[in-house]
Amino acid sequence: MVEQRLRDSFARQTMMQTLGASLDEIAPGRIRISAPIAPHVLQQQGFAHAALSFAIGDTAAGYAALTTLPEGAEVVTAEIKIHLLSPAIGDRLVAEGRVLRPGRRIVTVTADVFAEGATHKGGRKHVATLLGTMVPVNA
């Protein structure tokens with residue numbers, strides 16, 4: 001039930017469609033979203049623009065918060081900050097969002113973003129960390 005609600009909501013996010021992002025994993029308090037590092041999301045030096053890390057990180061954190069809330073709730077981001085750790089070079093970015101502290105009025109969340117692909121010999125590289133606050137609202 002929760003999974004289908006989140007998948008339906010994610011499908012309505014036209015920004016995620018534009019980025020080619022997919023909702024890969026849903027668990028209580030945890031979400032994984034990935035997006036390709038495509039030619040239209042690069043910055044001038046050839047790696048993924050920070051906006052891609054921010055967009056999928058914020059979305060993963062928000063959906064992680066939503067897993068802790070009752071049916072009929074939505075969330076909006078009240079504040080979120082990003083720490084860019086390394087250039088995002090590879091085939092795709094993966095954002096792993098999780099809830100640090102659930103609550104009725106605010107939900108504290110975090111997300112880690114990893115670059116995956118050939119440049120990492122099949123591994124992953126930690127490229128960003130986000131920390132934020134989500135506010136539950138009525139759907």
# chains A, B, ... in the order shown; residues from 1 in each chain; ligands from 1
>>> select_by_dssp(residues="chain A", states="helix (DSSP H, G or I)", output="PyMOL selection string")
chain A and resi 2-11+14-19+39-41+50-66+118-120
>>> residues_around(residues="Pro36 of chain A", least_positions_apart="6", cutoff="7 Å", atoms="only C-alpha atoms", output="mmCIF file with C-alpha atoms, in the first residue's frame")
data_model
loop_
_atom_site.group_PDB
_atom_site.id
_atom_site.type_symbol
_atom_site.label_atom_id
_atom_site.label_comp_id
_atom_site.auth_asym_id
_atom_site.auth_seq_id
_atom_site.Cartn_x
_atom_site.Cartn_y
_atom_site.Cartn_z
ATOM 1 C CA GLY A 20 15.387 10.123 -16.246
ATOM 2 C CA ASP A 91 27.365 6.514 -15.550
ATOM 3 C CA ARG A 92 24.715 7.327 -12.958
ATOM 4 C CA LEU A 93 24.037 8.932 -9.600
#
>>> closest_residue(among="A:Asn138, A:Thr129, A:Gln44, A:Thr108", to="Ile82 of chain A", atoms="only C-alpha atoms")
A:Thr129
>>> residues_around(residues="Leu69 of chain A", least_positions_apart="4", cutoff="12 Å", atoms="only C-alpha atoms", output="ChimeraX atom specification")
/A:2,5-6,28-29,62-65,73-75,99,102-107,134-139
>>> residues_around(residues="Ser34 of chain A", least_positions_apart="4", cutoff="8 Å", atoms="only C-alpha atoms", output="PyMOL selection string")
chain A and resi 21-24+56+92-95
>>> closest_residue(among="A:Leu131, A:Leu100, A:Leu52, A:Ala78", to="Ala38 of chain A", atoms="only C-alpha atoms")
A:Leu52
>>> select_by_dssp(residues="segment 1-72 of chain A", states="strand (DSSP E)", output="list of chain:residue names")
A:Ser22, A:Leu23, A:Asp24, A:Glu25, A:Ile26, A:Ala27, A:Arg30, A:Ile31, A:Arg32, A:Ile33, A:Ser34, A:Ala35, A:Pro36
>>> atom_distance(atom1="atom CA of Ala60 of chain A", atom2="atom CA of Ser86 of chain A")
19.5 Å
>>> closest_residue(among="A:Gly132, A:Pro87, A:Gly123, A:Gly97", to="Phe47 of chain A", atoms="only C-alpha atoms")
A:Pro87
>>> atom_distance(atom1="atom CA of Phe54 of chain A", atom2="atom CA of Leu130 of chain A")
7.7 Å
>>> closest_residue(among="A:Arg98, A:Arg12, A:Lys81, A:Arg32", to="Thr110 of chain A", atoms="only C-alpha atoms")
A:Arg98
